[in-house]
Amino acid sequence: MAELQMLKPMGMNQNVPPLRRVCVLERMLTVQGVLLRLGAQMHNQAGGVYVALGWASRALHHFGCVLQLAERMADLQMQCAGNGNLGTVYDSLGQYQRALHHLNKDLDIATQIRLATWRGRGGPTATSAPCTSASGSTSAPCITTTSTWT
């Protein structure tokens with residue numbers, strides 16, 4: 001019902017075939033995704049300009065917007081950019097705990113992206129079993145070396 005209300009201003013009513021309605025909705029969602037990505041990129045650029053000008057508070061605002069848009073789109077690369085830039089600005093302000101928080105998130109997401117890239121090329125994968133060191137202690141999941149990736 002909400003979709004029909006959204007389509008009425010576009011001149012579409014219940015007489016429009018359902019397939020046509022679906023096509024219009026898909027195009028609207030595609031355009032929305034493109035606009036969100038462009039918005040995130042523009043905020044990232046603006047944040048960089050404010051960093052160069054030494055206006056950290058404005059840079060933090062724009063990099064925060066990058067992170068919000070990236071999370072909304074589930075865009076891991078843009079989340080990396082937002083977290084990395086926020087961490088760098090917080091570090092320059094001497095707010096080391098906040099900087100560490102964002103830089104660690106940046107590292108975690110970058111690791112996820114890298115592992116996904118390796119897996120896509122037949123590379124190493126994370127196992128569910130923890131690694132055991134020579135001293136017998138266990139840690140996070142290992143990266144296996146049994147792979148056909150060369």
# chains A, B, ... in the order shown; residues from 1 in each chain; ligands from 1
call {"tool": "residues_around", "arguments": {"residues": "region 79-93 of chain A", "least_positions_apart": "3", "cutoff": "12 Å", "atoms": "only C-alpha atoms", "output": "JSON, numbers by chain"}}
result
{"A": [37, 40, 41, 42, 43, 44, 45, 46, 47, 48, 50, 51, 52, 54, 55, 56, 57, 58, 59, 60, 61, 62, 63, 64, 65, 66, 67, 68, 69, 70, 71, 72, 73, 74, 75, 76, 96, 97, 98, 99, 100, 101, 102, 103, 104, 105, 106, 107, 108, 109, 110, 111, 112, 113, 114]}
call {"tool": "select_by_dssp", "arguments": {"residues": "region 2-113 of chain A", "states": "alpha helix (DSSP H)", "output": "MDAnalysis selection string"}}
result
chainID A and resid 2:7 18:53 56:73 76:92 96:113
call {"tool": "atom_distance", "arguments": {"atom1": "CA of Gln77 (chain A)", "atom2": "CA of Leu36 (chain A)"}}
result
13.9 Å
call {"tool": "select_by_dssp", "arguments": {"residues": "region 38-129 of chain A", "states": "strand (DSSP E)", "output": "list in words"}}
result
Ala126, Thr127, Ser128 and Ala129 of chain A
call {"tool": "write_last_selection", "arguments": {"atoms": "all heavy atoms", "output": "CSV table (one decimal), in the first residue's frame"}}
result
chain,number,residue,atom,x,y,z
A,126,ALA,N,39.2,-18.7,6.5
A,126,ALA,CA,39.3,-18.8,8.0
A,126,ALA,C,38.6,-20.1,8.4
A,126,ALA,O,37.5,-20.4,7.9
A,126,ALA,CB,38.6,-17.6,8.6
A,127,THR,N,39.2,-20.8,9.3
A,127,THR,CA,38.6,-22.0,9.9
A,127,THR,C,37.8,-21.6,11.1
A,127,THR,O,38.0,-20.5,11.7
A,127,THR,CB,39.7,-23.0,10.2
A,127,THR,OG1,40.5,-22.5,11.3
A,127,THR,CG2,40.6,-23.4,9.1
A,128,SER,N,36.9,-22.5,11.6
A,128,SER,CA,36.2,-22.2,12.8
A,128,SER,C,37.0,-22.7,14.0
A,128,SER,O,36.6,-22.3,15.1
A,128,SER,CB,34.9,-23.0,12.7
A,128,SER,OG,35.1,-24.4,12.6
A,129,ALA,N,38.0,-23.4,13.8
A,129,ALA,CA,38.8,-23.9,15.0
A,129,ALA,C,39.9,-22.8,15.3
A,129,ALA,O,40.4,-22.2,14.4
A,129,ALA,CB,39.5,-25.2,14.6
call {"tool": "atom_distance", "arguments": {"atom1": "CA of Met28 (chain A)", "atom2": "CA of Val16 (chain A)"}}
result
16.4 Å
